[in-house]
file data-v6.pdb (PDB, C-alpha atoms)
ATOM      1  CA  MET A   1     -13.364  19.640 -15.035
ATOM      2  CA  PRO A   2     -12.270  23.108 -16.268
ATOM      3  CA  PRO A   3      -8.654  23.574 -17.360
ATOM      4  CA  HIS A   4      -6.302  25.416 -15.052
ATOM      5  CA  THR A   5      -6.508  29.165 -15.491
ATOM      6  CA  ASN A   6      -3.419  30.094 -13.483
ATOM      7  CA  THR A   7      -1.191  31.599 -16.168
ATOM      8  CA  THR A   8       1.937  31.562 -13.971
ATOM      9  CA  GLU A   9       1.812  27.783 -13.760
ATOM     10  CA  ILE A  10       4.868  25.967 -15.092
ATOM     11  CA  GLU A  11       4.252  23.465 -17.878
ATOM     12  CA  MET A  12       4.795  19.765 -17.200
ATOM     13  CA  GLU A  13       8.111  18.601 -18.710
ATOM     14  CA  ARG A  14       7.968  15.951 -21.444
ATOM     15  CA  ALA A  15      10.514  13.463 -22.800
ATOM     16  CA  PRO A  16      10.688  10.657 -25.360
ATOM     17  CA  ILE A  17      10.896   7.001 -24.318
ATOM     18  CA  VAL A  18      14.165   6.081 -26.040
ATOM     19  CA  GLY A  19      13.744   3.434 -28.735
ATOM     20  CA  THR A  20      10.079   4.243 -29.303
ATOM     21  CA  SER A  21       8.054   7.013 -30.934
ATOM     22  CA  LEU A  22       6.370   7.785 -27.617
ATOM     23  CA  GLN A  23       6.556  11.143 -25.837
ATOM     24  CA  VAL A  24       5.460  11.202 -22.179
ATOM     25  CA  SER A  25       5.134  13.588 -19.257
ATOM     26  CA  ARG A  26       8.115  13.324 -16.916
ATOM     27  CA  VAL A  27       5.744  12.594 -14.060
ATOM     28  CA  ALA A  28       3.390   9.664 -14.628
ATOM     29  CA  LEU A  29       0.519   8.509 -12.435
ATOM     30  CA  GLY A  30       1.191   5.288 -10.519
ATOM     31  CA  THR A  31      -1.974   3.350  -9.689
ATOM     32  CA  TRP A  32      -0.924   0.538  -7.362
ATOM     33  CA  ALA A  33      -2.658   2.251  -4.398
ATOM     34  CA  ILE A  34      -5.772   2.805  -6.539
ATOM     35  CA  GLY A  35      -6.004  -0.986  -6.833
ATOM     36  CA  GLY A  36      -6.209  -1.180  -3.035
ATOM     37  CA  TRP A  37      -4.238  -4.392  -2.588
ATOM     38  CA  MET A  38      -1.386  -3.926  -0.078
ATOM     39  CA  TRP A  39      -2.358  -0.305   0.515
ATOM     40  CA  GLY A  40      -5.364  -0.814   2.814
ATOM     41  CA  GLY A  41      -8.238  -0.742   0.284
ATOM     42  CA  THR A  42      -9.537   1.657  -2.373
ATOM     43  CA  ASP A  43     -12.370   4.121  -3.020
ATOM     44  CA  GLU A  44     -13.553   4.102  -6.625
ATOM     45  CA  ALA A  45     -14.995   7.625  -6.803
ATOM     46  CA  GLU A  46     -11.868   9.138  -5.196
ATOM     47  CA  SER A  47      -9.670   7.104  -7.529
ATOM     48  CA  ILE A  48     -11.508   8.286 -10.640
ATOM     49  CA  ALA A  49     -11.289  11.896  -9.445
ATOM     50  CA  THR A  50      -7.546  11.358  -8.915
ATOM     51  CA  ILE A  51      -7.016  10.117 -12.467
ATOM     52  CA  ARG A  52      -8.899  13.130 -13.870
ATOM     53  CA  GLU A  53      -6.891  15.464 -11.670
ATOM     54  CA  ALA A  54      -3.650  13.906 -12.960
ATOM     55  CA  VAL A  55      -4.631  14.659 -16.574
ATOM     56  CA  ASP A  56      -5.520  18.242 -15.556
ATOM     57  CA  HIS A  57      -1.967  18.622 -14.210
ATOM     58  CA  GLY A  58      -0.495  17.618 -17.587
ATOM     59  CA  ILE A  59       0.218  13.973 -16.774
ATOM     60  CA  SER A  60       0.011  11.959 -19.997
ATOM     61  CA  LEU A  61       1.126   8.487 -18.857
ATOM     62  CA  ILE A  62      -0.746   6.210 -16.466
ATOM     63  CA  ASP A  63       1.016   3.135 -15.118
ATOM     64  CA  SER A  64      -1.010   0.153 -13.905
ATOM     65  CA  ALA A  65      -0.673  -3.631 -13.609
ATOM     66  CA  PRO A  66      -3.060  -6.591 -13.519
ATOM     67  CA  ALA A  67      -1.616  -7.569 -10.126
ATOM     68  CA  TYR A  68      -2.588  -4.227  -8.550
ATOM     69  CA  GLY A  69      -5.779  -5.318  -6.816
ATOM     70  CA  PHE A  70      -6.013  -8.385  -9.117
ATOM     71  CA  GLY A  71      -7.577  -6.356 -11.933
ATOM     72  CA  ARG A  72      -9.083  -3.590  -9.799
ATOM     73  CA  SER A  73      -6.490  -0.921 -10.679
ATOM     74  CA  GLU A  74      -6.839  -1.563 -14.429
ATOM     75  CA  ASP A  75     -10.652  -1.613 -14.071
ATOM     76  CA  ILE A  76     -10.697   1.790 -12.383
ATOM     77  CA  VAL A  77      -8.210   3.303 -14.867
ATOM     78  CA  GLY A  78     -10.357   1.990 -17.739
ATOM     79  CA  LYS A  79     -13.538   3.378 -16.233
ATOM     80  CA  ALA A  80     -12.019   6.805 -15.489
ATOM     81  CA  LEU A  81     -10.607   7.156 -19.016
ATOM     82  CA  ALA A  82     -13.800   5.951 -20.718
ATOM     83  CA  GLU A  83     -16.191   8.075 -18.662
ATOM     84  CA  GLY A  84     -14.000  11.174 -18.916
ATOM     85  CA  ASP A  85     -13.328  10.613 -22.641
ATOM     86  CA  LEU A  86      -9.624  10.835 -21.785
ATOM     87  CA  ARG A  87      -8.103   7.850 -23.594
ATOM     88  CA  SER A  88      -6.751   9.969 -26.464
ATOM     89  CA  ARG A  89      -4.986  12.283 -23.999
ATOM     90  CA  VAL A  90      -2.942   9.651 -22.164
ATOM     91  CA  LEU A  91      -0.731   6.671 -22.822
ATOM     92  CA  ILE A  92      -1.321   3.527 -20.806
ATOM     93  CA  ALA A  93       1.549   1.497 -19.391
ATOM     94  CA  THR A  94       0.640  -1.841 -17.863
ATOM     95  CA  LYS A  95       2.418  -5.092 -17.088
ATOM     96  CA  VAL A  96       2.424  -8.804 -17.690
ATOM     97  CA  GLY A  97       3.899 -11.960 -16.231
ATOM     98  CA  LEU A  98       2.449 -12.296 -12.737
ATOM     99  CA  GLU A  99      -0.218 -14.850 -11.887
ATOM    100  CA  TRP A 100      -2.270 -15.000  -8.707
ATOM    101  CA  GLN A 101      -4.080 -17.729  -6.830
ATOM    102  CA  GLY A 102      -5.850 -17.195  -3.502
ATOM    103  CA  GLY A 103      -4.317 -13.766  -3.003
ATOM    104  CA  ARG A 104      -0.735 -14.965  -3.560
ATOM    105  CA  ILE A 105       1.249 -13.949  -6.606
ATOM    106  CA  PHE A 106       3.989 -15.736  -8.494
ATOM    107  CA  ARG A 107       5.890 -15.139 -11.720
ATOM    108  CA  ASN A 108       4.569 -16.644 -14.931
ATOM    109  CA  ALA A 109       5.704 -15.190 -18.256
ATOM    110  CA  SER A 110       4.794 -18.272 -20.272
ATOM    111  CA  ARG A 111       3.318 -17.795 -23.727
ATOM    112  CA  ALA A 112      -0.134 -18.987 -22.595
ATOM    113  CA  ARG A 113      -0.167 -16.597 -19.631
ATOM    114  CA  ILE A 114       0.884 -13.579 -21.715
ATOM    115  CA  LEU A 115      -1.689 -14.283 -24.438
ATOM    116  CA  ARG A 116      -4.444 -14.453 -21.842
ATOM    117  CA  GLU A 117      -3.248 -11.437 -19.856
ATOM    118  CA  VAL A 118      -3.139  -9.082 -22.809
ATOM    119  CA  GLU A 119      -6.809  -9.819 -23.570
ATOM    120  CA  ASP A 120      -7.776  -9.378 -19.896
ATOM    121  CA  SER A 121      -5.919  -6.045 -19.678
ATOM    122  CA  LEU A 122      -7.464  -4.682 -22.914
ATOM    123  CA  ARG A 123     -10.936  -5.545 -21.590
ATOM    124  CA  ARG A 124     -10.379  -4.051 -18.128
ATOM    125  CA  LEU A 125      -8.735  -0.905 -19.507
ATOM    126  CA  ARG A 126     -11.610  -0.511 -22.035
ATOM    127  CA  THR A 127      -9.152   0.152 -24.841
ATOM    128  CA  ASP A 128      -8.024  -1.410 -28.108
ATOM    129  CA  HIS A 129      -4.305  -0.924 -27.455
ATOM    130  CA  ILE A 130      -1.681  -0.860 -24.704
ATOM    131  CA  ASP A 131       1.040   1.741 -25.278
ATOM    132  CA  VAL A 132       3.779   0.409 -22.999
ATOM    133  CA  TYR A 133       3.807  -3.261 -22.019
ATOM    134  CA  GLN A 134       6.274  -4.269 -19.315
ATOM    135  CA  VAL A 135       7.356  -7.536 -17.737
ATOM    136  CA  HIS A 136       6.344  -7.001 -14.115
ATOM    137  CA  TRP A 137       9.103  -9.176 -12.633
ATOM    138  CA  PRO A 138      11.371 -11.136 -15.006
ATOM    139  CA  ASP A 139      10.445 -14.850 -14.921
ATOM    140  CA  PRO A 140      13.614 -16.918 -14.338
ATOM    141  CA  LEU A 141      11.935 -19.854 -16.085
ATOM    142  CA  VAL A 142      11.450 -17.937 -19.340
ATOM    143  CA  THR A 143      14.312 -16.060 -20.999
ATOM    144  CA  ILE A 144      13.614 -12.536 -22.159
ATOM    145  CA  ARG A 145      14.968 -13.479 -25.562
ATOM    146  CA  GLY A 146      12.212 -16.059 -25.602
ATOM    147  CA  ASN A 147       9.748 -13.409 -24.560
ATOM    148  CA  ARG A 148      10.682 -11.118 -27.401
ATOM    149  CA  GLY A 149      11.135 -13.663 -30.154
ATOM    150  CA  GLY A 150       8.544 -16.150 -29.070
ATOM    151  CA  HIS A 151       5.867 -13.986 -27.598
ATOM    152  CA  ALA A 152       6.062 -10.301 -28.304
ATOM    153  CA  HIS A 153       5.682 -10.545 -32.062
ATOM    154  CA  SER A 154       2.494 -12.546 -31.713
ATOM    155  CA  LEU A 155       0.832 -10.226 -29.211
ATOM    156  CA  ARG A 156      -2.174  -8.321 -30.392
ATOM    157  CA  THR A 157      -1.845  -5.326 -28.066
ATOM    158  CA  GLY A 158      -3.713  -3.165 -30.526
ATOM    159  CA  GLN A 159      -6.067  -3.309 -33.504
ATOM    160  CA  ASP A 160      -4.137  -0.599 -35.282
ATOM    161  CA  PRO A 161      -0.841  -1.788 -36.845
ATOM    162  CA  ARG A 162       0.841   1.421 -35.635
ATOM    163  CA  HIS A 163       0.603   0.128 -32.091
ATOM    164  CA  ARG A 164       2.598  -2.940 -32.976
ATOM    165  CA  ARG A 165       5.620  -0.708 -33.429
ATOM    166  CA  GLN A 166       5.084   1.190 -30.225
ATOM    167  CA  GLN A 167       4.892  -1.749 -27.881
ATOM    168  CA  PHE A 168       7.975  -2.963 -26.125
ATOM    169  CA  LEU A 169       8.807  -5.187 -23.222
ATOM    170  CA  GLY A 170      10.750  -3.706 -20.362
ATOM    171  CA  GLY A 171      11.134  -4.876 -16.804
ATOM    172  CA  ALA A 172       9.541  -3.160 -13.850
ATOM    173  CA  ASP A 173      10.046  -3.344 -10.119
ATOM    174  CA  GLY A 174      13.415  -5.043 -10.171
ATOM    175  CA  VAL A 175      16.960  -4.839 -11.395
ATOM    176  CA  LEU A 176      17.165  -6.489 -14.775
ATOM    177  CA  PRO A 177      19.534  -9.371 -15.450
ATOM    178  CA  PRO A 178      22.247  -8.387 -17.987
ATOM    179  CA  ARG A 179      20.773 -10.548 -20.747
ATOM    180  CA  CYS A 180      17.460  -8.735 -20.394
ATOM    181  CA  ALA A 181      19.027  -5.291 -20.253
ATOM    182  CA  ALA A 182      20.713  -5.992 -23.588
ATOM    183  CA  ALA A 183      17.603  -7.415 -25.202
ATOM    184  CA  CYS A 184      15.038  -4.835 -24.127
ATOM    185  CA  ALA A 185      14.350  -1.667 -26.073
ATOM    186  CA  ALA A 186      13.770   0.155 -22.824
ATOM    187  CA  ALA A 187      13.742  -0.635 -19.166
ATOM    188  CA  ALA A 188      11.755   0.573 -16.214
ATOM    189  CA  LEU A 189      13.511   0.422 -12.892
ATOM    190  CA  GLN A 190      12.154   1.226  -9.490
ATOM    191  CA  PHE A 191      13.684   3.772  -7.145
ATOM    192  CA  VAL A 192      12.664   3.372  -3.506
TER     193      VAL A 192
ATOM    194  CA  MET B   1       4.690  10.281   9.141
ATOM    195  CA  ARG B   2       6.355   9.605  12.498
ATOM    196  CA  THR B   3       8.230   6.804  14.205
ATOM    197  CA  ASP B   4       4.997   5.727  15.944
ATOM    198  CA  SER B   5       2.874   5.738  12.733
ATOM    199  CA  LYS B   6       0.742   2.597  12.424
ATOM    200  CA  PHE B   7      -0.367   1.002   9.158
ATOM    201  CA  GLN B   8      -3.618  -0.947   8.881
ATOM    202  CA  GLY B   9      -4.951  -4.051   7.140
ATOM    203  CA  ASP B  10      -2.877  -5.405   4.242
ATOM    204  CA  ASP B  11      -0.744  -2.221   4.032
ATOM    205  CA  LEU B  12       2.660  -3.142   2.589
ATOM    206  CA  ARG B  13       4.385  -0.838   5.063
ATOM    207  CA  ARG B  14       3.575  -3.269   7.897
ATOM    208  CA  THR B  15       6.278  -5.530   6.462
ATOM    209  CA  ASP B  16       8.375  -3.184   4.281
ATOM    210  CA  PRO B  17      11.841  -3.238   5.967
ATOM    211  CA  LYS B  18      12.209   0.536   5.501
ATOM    212  CA  PHE B  19       9.313   0.999   7.907
ATOM    213  CA  GLN B  20      10.710  -1.231  10.698
ATOM    214  CA  GLN B  21      13.047   0.010  13.438
ATOM    215  CA  PRO B  22      15.870   0.840  13.526
ATOM    216  CA  ARG B  23      15.716   1.577   9.795
ATOM    217  CA  PHE B  24      12.434   3.517  10.014
ATOM    218  CA  GLY B  25      14.008   6.095  12.352
ATOM    219  CA  GLN B  26      17.015   6.423  10.066
ATOM    220  CA  TYR B  27      14.888   7.015   6.968
ATOM    221  CA  LEU B  28      12.771   9.570   8.852
ATOM    222  CA  ALA B  29      15.939  11.371   9.976
ATOM    223  CA  ALA B  30      17.007  11.538   6.323
ATOM    224  CA  VAL B  31      13.537  12.858   5.414
ATOM    225  CA  GLU B  32      13.881  15.656   7.973
ATOM    226  CA  GLN B  33      17.302  16.736   6.716
ATOM    227  CA  LEU B  34      16.308  16.473   3.043
ATOM    228  CA  ASP B  35      13.189  18.546   3.686
ATOM    229  CA  GLN B  36      15.351  21.262   5.276
ATOM    230  CA  LEU B  37      17.676  21.167   2.258
ATOM    231  CA  ALA B  38      14.700  21.507  -0.116
ATOM    232  CA  GLN B  39      13.409  24.538   1.761
ATOM    233  CA  ARG B  40      16.778  26.199   2.277
ATOM    234  CA  ARG B  41      18.178  25.735  -1.224
ATOM    235  CA  PHE B  42      15.108  25.647  -3.448
ATOM    236  CA  ARG B  43      12.162  26.967  -1.393
ATOM    237  CA  ARG B  44      10.415  23.723  -2.078
ATOM    238  CA  GLN B  45       9.410  20.677  -0.059
ATOM    239  CA  LEU B  46      10.725  17.170   0.269
ATOM    240  CA  ILE B  47       8.218  15.733  -2.226
ATOM    241  CA  HIS B  48       9.484  18.078  -4.951
ATOM    242  CA  LEU B  49      13.122  17.337  -4.113
ATOM    243  CA  ALA B  50      12.549  13.563  -4.165
ATOM    244  CA  VAL B  51      10.931  13.475  -7.596
ATOM    245  CA  ARG B  52      13.347  16.052  -9.018
ATOM    246  CA  TRP B  53      16.244  13.898  -7.769
ATOM    247  CA  ALA B  54      14.815  10.841  -9.523
ATOM    248  CA  LEU B  55      14.310  12.768 -12.796
ATOM    249  CA  ASP B  56      17.779  14.313 -12.643
ATOM    250  CA  GLN B  57      19.340  10.819 -12.590
ATOM    251  CA  GLY B  58      18.424  10.813 -16.299
ATOM    252  CA  ILE B  59      15.295   8.668 -16.273
ATOM    253  CA  THR B  60      12.408   9.453 -18.633
ATOM    254  CA  THR B  61       9.537   9.562 -16.191
ATOM    255  CA  ALA B  62       8.872   9.122 -12.477
ATOM    256  CA  LEU B  63       5.739   7.457 -11.129
ATOM    257  CA  TRP B  64       3.680   9.593  -8.758
ATOM    258  CA  GLY B  65       1.444   7.315  -6.680
ATOM    259  CA  ALA B  66      -1.826   8.961  -5.661
ATOM    260  CA  ARG B  67      -5.320   7.897  -4.685
ATOM    261  CA  HIS B  68      -6.790  11.251  -3.643
ATOM    262  CA  PRO B  69      -6.944  14.283  -5.998
ATOM    263  CA  GLY B  70      -5.267  16.510  -3.400
ATOM    264  CA  GLN B  71      -2.163  14.332  -3.493
ATOM    265  CA  LEU B  72      -1.474  15.682  -7.008
ATOM    266  CA  GLN B  73      -1.434  19.312  -5.885
ATOM    267  CA  PRO B  74       2.389  19.455  -5.418
ATOM    268  CA  VAL B  75       3.117  18.007  -8.891
ATOM    269  CA  ASP B  76       3.340  21.377 -10.698
ATOM    270  CA  GLU B  77       6.357  22.454  -8.656
ATOM    271  CA  VAL B  78       8.475  19.532  -9.823
ATOM    272  CA  SER B  79       8.857  21.069 -13.296
ATOM    273  CA  GLY B  80      11.077  23.906 -14.440
ATOM    274  CA  TRP B  81      14.157  23.568 -12.206
ATOM    275  CA  LYS B  82      17.093  21.216 -11.668
ATOM    276  CA  LEU B  83      19.327  20.047  -8.871
ATOM    277  CA  ASP B  84      22.848  21.458  -9.077
ATOM    278  CA  ALA B  85      25.977  19.417  -8.336
ATOM    279  CA  THR B  86      26.267  20.861  -4.819
ATOM    280  CA  ALA B  87      22.743  19.814  -3.920
ATOM    281  CA  LYS B  88      23.274  16.323  -5.366
ATOM    282  CA  ALA B  89      26.439  15.923  -3.288
ATOM    283  CA  GLU B  90      24.638  17.175  -0.177
ATOM    284  CA  ILE B  91      21.801  14.665  -0.763
ATOM    285  CA  ASP B  92      24.338  11.835  -1.098
ATOM    286  CA  ARG B  93      26.019  12.938   2.127
ATOM    287  CA  ILE B  94      22.712  13.028   4.043
ATOM    288  CA  LEU B  95      21.711   9.574   2.804
ATOM    289  CA  LYS B  96      25.127   8.105   3.608
ATOM    290  CA  THR B  97      25.286   9.478   7.130
ATOM    291  CA  THR B  98      21.703   8.741   8.193
ATOM    292  CA  ILE B  99      20.820   5.387   6.572
ATOM    293  CA  LYS B 100      23.201   2.692   7.806
ATOM    294  CA  ASP B 101      21.837  -0.294   5.873
ATOM    295  CA  PRO B 102      19.690   0.766   2.882
ATOM    296  CA  VAL B 103      17.298  -1.690   1.202
ATOM    297  CA  GLY B 104      16.012  -1.948  -2.367
ATOM    298  CA  PRO B 105      12.801  -3.441  -3.751
ATOM    299  CA  GLU B 106      14.038  -7.034  -3.343
ATOM    300  CA  PHE B 107      11.718  -7.676  -0.407
ATOM    301  CA  MET B 108       8.736  -7.397  -2.776
ATOM    302  CA  ALA B 109      10.043  -9.980  -5.251
ATOM    303  CA  PRO B 110       7.369 -12.594  -5.972
ATOM    304  CA  PRO B 111       8.458 -16.252  -6.211
ATOM    305  CA  ALA B 112       8.836 -18.121  -9.490
ATOM    306  CA  ASN B 113       6.093 -20.535 -10.496
ATOM    307  CA  SER B 114       6.852 -23.455  -8.175
ATOM    308  CA  VAL B 115       4.335 -25.693  -9.940
ATOM    309  CA  ALA B 116       6.189 -25.408 -13.235
ATOM    310  CA  ALA B 117       9.672 -25.435 -11.671
TER     311      ALA B 117
END

call {"tool": "encode", "arguments": {"input": "data-v6.pdb", "output": "structure tokens"}}
result
Amino acid sequence: MPPHTNTTEIEMERAPIVGTSLQVSRVALGTWAIGGWMWGGTDEAESIATIREAVDHGISLIDSAPAYGFGRSEDIVGKALAEGDLRSRVLIATKVGLEWQGGRIFRNASRARILREVEDSLRRLRTDHIDVYQVHWPDPLVTIRGNRGGHAHSLRTGQDPRHRRQQFLGGADGVLPPRCAAACAAAALQFV
Amino acid sequence: MRTDSKFQGDDLRRTDPKFQQPRFGQYLAAVEQLDQLAQRRFRRQLIHLAVRWALDQGITTALWGARHPGQLQPVDEVSGWKLDATAKAEIDRILKTTIKDPVGPEFMAPPANSVAA
């Protein structure tokens, strides 16, 4: 796709994610609907065109989650980035800590679940690193302190040691309990 | 979107409490007034005002959900301006007077792992 030629166009704003070395566009692409689940289905070709269009508009962060279409959203994001040779132009944010069985989801941020999910996400996203890794909904059965001390340090979210520094666990989609807010380097909250 | 809009299949909005009456009508009334504010004060549309409002709360980045390329067309006009204090106060007033019983994302909260519990 050709770059925009309209010279009067205003540049996308950018900002750092506090506590990390990451710089992101102030609008990021959300890909829950691209996964189809709970949004009435998905169209792969349209979705891939949407991801390319987002990059053309200066968006440099794509947010996904394994639960969005039970892998479908991450699959489509991975395919769009690989086929468009776009991985180096965007950061990927995805999530961890939800399990699904028979179309129903529940929270599971156990060590075993996280270690499996990170491998699944890397494969689906066709990448060797995840830039921003978030707890999808805090698991009341696992403390965040446990997550950070017991799990995060052992995660291989990237082959390159630089990515070890860049990863952090935040919480998405819900208000964080105070203990988590204190422990997390950054937090993602949802406005509706 | 209108009060008689219907959502199909597994669409979350079939159960999202914001999309059920009487709340749905209240949120749509807020949408109408906020859209007028966006046009009158900033010559922009509701979508620009909504994302600008989120960014001007001090967050790093706002997620823009899209599944068709055309849905990204308005994104350029979010950059390069800010809401002033008067507009923020006016937005608060509109929300307070139209939406009687606002809801957060709690309705989407998945259960804990009952097998392990």

call {"tool": "closest_residue", "arguments": {"input": "data-v6.pdb", "among": "A:Ala93, A:Ile10, A:Leu86, A:Ala49", "to": "Glu74 in chain A", "atoms": "all atoms listed in the file"}}
result
A:Ala93

call {"tool": "resolve_selection", "arguments": {"input": "data-v6.pdb", "expression": "the PyMOL selection byres ((chain B) within 7 of (chain A))", "output": "ChimeraX atom specification"}}
result
/B:8-12,60-69,72,76,79-80,104-105,110-113

call {"tool": "axis_aligned_box", "arguments": {"input": "data-v6.pdb", "around": "range 94-107 of chain A", "padding_each_side": "3 Å", "output": "AutoDock Vina command-line options"}}
result
--center_x 0.0 --center_y -9.8 --center_z -10.4 --size_x 17.7 --size_y 21.9 --size_z 20.9

call {"tool": "resolve_selection", "arguments": {"input": "data-v6.pdb", "expression": "the PyMOL selection byres ((chain B and resi 86-92) around 9)", "output": "ChimeraX atom specification"}}
result
/B:33-34,37,41,53,83-85,93-97

call {"tool": "closest_residue", "arguments": {"input": "data-v6.pdb", "among": "A:Thr127, A:Ala65, A:Phe70, A:Glu119", "to": "Gly102 in chain A", "atoms": "only C-alpha atoms"}}
result
A:Phe70

call {"tool": "atom_distance", "arguments": {"input": "data-v6.pdb", "atom1": "CA of Gly71 in chain A", "atom2": "CA of Pro17 in chain B"}}
result
26.6 Å

call {"tool": "atom_distance", "arguments": {"input": "data-v6.pdb", "atom1": "CA of Gln134 in chain A", "atom2": "CA of Ser21 in chain A"}}
result
16.3 Å

call {"tool": "atom_distance", "arguments": {"input": "data-v6.pdb", "atom1": "CA of Gln21 in chain B", "atom2": "CA of Phe7 in chain B"}}
result
14.1 Å

call {"tool": "closest_residue", "arguments": {"input": "data-v6.pdb", "among": "A:Thr94, A:Leu115, A:Asp131, A:Val142", "to": "Asp75 in chain A", "atoms": "only C-alpha atoms"}}
result
A:Thr94

call {"tool": "resolve_selection", "arguments": {"input": "data-v6.pdb", "expression": "the PyMOL selection byres ((chain B and resi 28) around 10)", "output": "list in words"}}
result
Met1, Arg2, Thr3, Lys18, Phe19, Arg23, Phe24, Gly25, Gln26, Tyr27, Ala29, Ala30, Val31, Glu32, Gln33, Leu34, Thr98 and Ile99 of chain B

call {"tool": "closest_residue", "arguments": {"input": "data-v6.pdb", "among": "A:Gly84, A:Leu22, A:Arg113, A:Ser64", "to": "Leu125 in chain A", "atoms": "all atoms listed in the file"}}
result
A:Ser64
